[in-house]
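One structure is given below, encoded as structure tokens.
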Amino acid sequence: MNRTEYASIGEVLYTSTLPNGLQIFVLPKPGFSRRFAVFATNYGGADRRFTLGGQTVDTPAGVAHYLEHKMFDTPEGDALMKLNATGASPNAFTSSSMTAYHFECTEQFEENLKTLLSFVSVPYFTAESVEKERGIIAQEIRMCEDSPDYAIYMDLMELLFTSSPLRDSVAGTVESIQKITPEVLYACHKVFYHPCNMALCVVGDVDPEQVERLALEILPPEASEPPGRDYGPAEGLEPAGLYHERVMAVSAPQFLAGLKLGPFGRGQEELRDRLTGVLALRCLCGRSSPVYLRLYAEGLLNDTFDYNIEQAAGESVLSLGGESRDWQTVLDALRGELERIAAEGLDPALFQRQKRATIGSHVRALNNFSALAVVQTEGCFAGYQTLDTTSVLNIITCEDVSNWLKVHMLGRPMAVAVIKPREG
């Protein structure tokens with residue numbers, strides 16, 4: 001395996017690409033009893049149309065999530081129960097761009113890793129088990145629809161996009177999952193769960209060579225043709241709509257504002273642009289920014305306020321929001337700050353404070369094994385190295401952040417989704 005030392009953050013990374021295309025990442029943590037492993041496929045809820053061998057295939061919304069539910073079935077029983085029996089803590093998740101299966105353990109790591117690699121790589125389900133799962137997933141979808149956080153996020157996606165699969169829930173709808181059959185699940189597993197479209201990341205006190213040996217032993221040896229992804233026509237930066245309001249059982253009004261940042265690059269270009277954006281938002285409206293402190297003192301924001309940059313399906317989206325009795329005044333204050341920065345420039349002292357804080361947050365996160373493994377995997381699928389984050393942050397300048405705010409946010413209208421409390 002290849003060994004790379006990151007002296008500035010005290011980390012060593014072992015990497016390998018197997019003949020079948022699987023990318024392996026191991027971050028040894030000597031002396032720690034915990035070990036965390038994630039086995040993920042570059043396949044998420046937005047990957048509904050793909051091409052393979054010159055043929056275009058359309059699948060219903062929710063297939064990636066449905067497949068995640070069914071992958072724990074094995075001829076010997078439930079893989080979750082098998083992992084739990086060794087004291088491991090297993091789980092899985094599906095996002096718009098990725099499906100990941102993972103476990104954390106302190107003992108029997110080799111046995112648990114064998115189990116993980118085996119059940120994820122070999123699907124096993126029947127028509128009866130798929131049908132039984134349909135009711136479980138339908139109930140999960142209805143529960144999500146009753147969640148204010150879910151509802152306001154989906155409202156914003158529908159405001160921003162006209163036809164992108166990001167408009168649709170990762171889990172699909174009660175109607176769309178009726179079209180999912182065992183044949184559809186097996187076909188999508190064959191296309192997207194091949195090692196050439198996957199990554200394995202392990203963090204903890206483990207032997208990197210042992211991880212590689214187990215992957216070589218269990219996974220299919222041959223390479224395969226990767227699928228082509230089709231997310232539909234480019235939509236441009238203008239939102240499909242600007243405002244949506246609904247009433248739900250919430251204790252305080254909530255808002256989520258957002259805008260499209262456009263297609264993002266690959267590799268180091270994507271990493272630098274994303275980190276510049278995160279740093280820009282931290283300077284504009286982070287917890288120690290002048291605007292946030294003023295709005296907090298006036299009772300217009302509280303600690304539910306947050307911001308995010310999401311990248312999936314060839315798009316990049318900025319969103320920010322939280323509870324507020326007057327979201328319009330909040331957005332007006334942010335626009336005013338953007339105009340001030342454009343005219344006077346960003347305060348260099350504020351920039352340096354926020355940059356140091358961002359670097360500190362990244363370094364602290366290196367001891368969060370699960371988060372580190374997941375972001376390492378995300379970086380793999382995006383073509384960049386997550387452990388380069390500190391070195392990239394160090395070269396981002398105050399001018400870079402000012403320019404990012406001018407290019408992406410200044411003078412651009414934000415789509416706004418609002419939830420108002422139900423009377424009584």
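Letters for chains follow the order of the structure tokens (A, B, ...), residue numbers begin at 1 for each chain, and ligand numbers begin at 1 in the order shown.
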So which residues touch Ala252 (chain A) within 10 Å, counting only C-alpha atoms, skipping near sequence neighbours fewer than 6 positions away, as a ChimeraX atom specification? /A:322-325,419-422
Running DSSP on the backbone, which parts of region 261-399 of chain A land in alpha helix (DSSP H), as a count of residues only? 85
At a cut-off of 9 Å, can you tabulate as JSON lines every residue of region 141-215 of chain A near region 66-76 of chain A together with its closest atom pair and the distance in Å to one decimal, using only C-alpha atoms and ordering rows by chain then number?
```
{"residue": "A:Ala171", "atom": "CA", "partner": "A:Tyr66", "partner_atom": "CA", "distance": 7.2}
{"residue": "A:Gly172", "atom": "CA", "partner": "A:Tyr66", "partner_atom": "CA", "distance": 9.0}
{"residue": "A:Ile177", "atom": "CA", "partner": "A:Tyr66", "partner_atom": "CA", "distance": 8.1}
{"residue": "A:Ile180", "atom": "CA", "partner": "A:Tyr66", "partner_atom": "CA", "distance": 8.2}
{"residue": "A:Leu185", "atom": "CA", "partner": "A:Leu67", "partner_atom": "CA", "distance": 6.1}
{"residue": "A:Tyr186", "atom": "CA", "partner": "A:Leu67", "partner_atom": "CA", "distance": 8.7}
{"residue": "A:Cys188", "atom": "CA", "partner": "A:Leu67", "partner_atom": "CA", "distance": 8.4}
{"residue": "A:His189", "atom": "CA", "partner": "A:Leu67", "partner_atom": "CA", "distance": 7.7}
```
Just the selected residues (N, CA, C and O atoms), exported as a short mmCIF file (atom, residue, chain, number, x, y, z; two decimals), in the first residue's frame, please.
```cif
data_model
loop_
_atom_site.label_atom_id
_atom_site.label_comp_id
_atom_site.auth_asym_id
_atom_site.auth_seq_id
_atom_site.Cartn_x
_atom_site.Cartn_y
_atom_site.Cartn_z
N ALA A 171 -35.62 9.04 -0.33
CA ALA A 171 -36.42 7.83 -0.08
C ALA A 171 -37.51 7.62 -1.11
O ALA A 171 -38.16 6.57 -1.12
N GLY A 172 -37.73 8.61 -2.00
CA GLY A 172 -38.81 8.52 -2.95
C GLY A 172 -40.14 8.90 -2.33
O GLY A 172 -40.19 9.52 -1.26
N ILE A 177 -42.22 4.14 -4.83
CA ILE A 177 -41.65 2.87 -4.37
C ILE A 177 -42.52 1.67 -4.74
O ILE A 177 -42.05 0.52 -4.66
N ILE A 180 -40.84 -0.33 -7.49
CA ILE A 180 -39.54 -0.97 -7.24
C ILE A 180 -39.74 -2.47 -7.05
O ILE A 180 -40.49 -2.91 -6.17
N LEU A 185 -33.91 -3.81 -8.15
CA LEU A 185 -32.90 -3.76 -7.10
C LEU A 185 -31.65 -4.54 -7.49
O LEU A 185 -30.52 -4.06 -7.32
N TYR A 186 -31.84 -5.75 -8.03
CA TYR A 186 -30.68 -6.55 -8.44
C TYR A 186 -29.91 -5.85 -9.57
O TYR A 186 -28.67 -5.86 -9.58
N CYS A 188 -29.71 -2.58 -10.24
CA CYS A 188 -28.98 -1.41 -9.75
C CYS A 188 -27.79 -1.83 -8.88
O CYS A 188 -26.75 -1.16 -8.89
N HIS A 189 -27.94 -2.91 -8.14
CA HIS A 189 -26.79 -3.40 -7.37
C HIS A 189 -25.67 -3.82 -8.31
O HIS A 189 -24.49 -3.49 -8.09
#
```
Please report, as an NGL selection string, each residue of region 84-211 of chain A to which DSSP assigns strand (DSSP E) when run on this structure's backbone. :A and (89-94 or 99-105 or 198-204)
Mind writing the picked residues with C-alpha atoms as a compact mmCIF listing (two decimals), in the first residue's frame?
```
# COMPACT_ATOMS: atom_id res chain seq x y z
CA SER A 89 -22.43 -1.01 16.28
CA PRO A 90 -23.54 -1.16 12.61
CA ASN A 91 -25.69 1.18 10.53
CA ALA A 92 -26.13 2.61 7.03
CA PHE A 93 -27.34 5.76 5.30
CA THR A 94 -28.26 7.00 1.84
CA THR A 99 -24.88 4.96 0.08
CA ALA A 100 -22.66 3.89 2.98
CA TYR A 101 -22.59 0.86 5.28
CA HIS A 102 -20.50 1.08 8.43
CA PHE A 103 -19.71 -0.33 11.83
CA GLU A 104 -17.75 0.64 14.93
CA CYS A 105 -16.19 -1.95 17.23
CA MET A 198 -16.94 1.91 -4.34
CA ALA A 199 -14.54 2.85 -1.57
CA LEU A 200 -13.49 1.26 1.72
CA CYS A 201 -12.21 3.48 4.52
CA VAL A 202 -10.99 2.28 7.93
CA VAL A 203 -9.92 4.43 10.89
CA GLY A 204 -8.40 2.96 14.05
```
So which one's closest to Ile137 (chain A), A:Gly62, A:Gly286, A:Pro195, A:Pro220? Using only C-alpha atoms, please.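 Ranked by minimum distance to Ile137 (chain A), first place goes to A:Gly62.
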Can you tell me, as a PyMOL selection string, what residues are no more than 7 Å from Ile309 (chain A) when counting only C-alpha atoms, ignoring any on the same chain fewer than 2 positions away? chain A and resi 311+316-319
With N, CA and C atoms kept, could you save the residues just selected as a compact mmCIF listing (two decimals), in the first residue's frame?
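So result-v5.txt came out as:
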```txt
# COMPACT_ATOMS: atom_id res chain seq x y z
N GLN A 311 -23.16 19.57 -2.28
CA GLN A 311 -22.78 19.28 -3.65
C GLN A 311 -23.25 17.89 -4.03
N SER A 316 -24.31 22.56 -7.00
CA SER A 316 -23.86 23.00 -5.69
C SER A 316 -24.88 24.01 -5.16
N VAL A 317 -25.31 23.81 -3.91
CA VAL A 317 -26.39 24.62 -3.33
C VAL A 317 -25.93 25.21 -2.00
N LEU A 318 -26.18 26.49 -1.83
CA LEU A 318 -25.94 27.18 -0.55
C LEU A 318 -27.29 27.34 0.14
N SER A 319 -27.33 27.01 1.43
CA SER A 319 -28.56 27.21 2.20
C SER A 319 -28.22 27.74 3.58
```
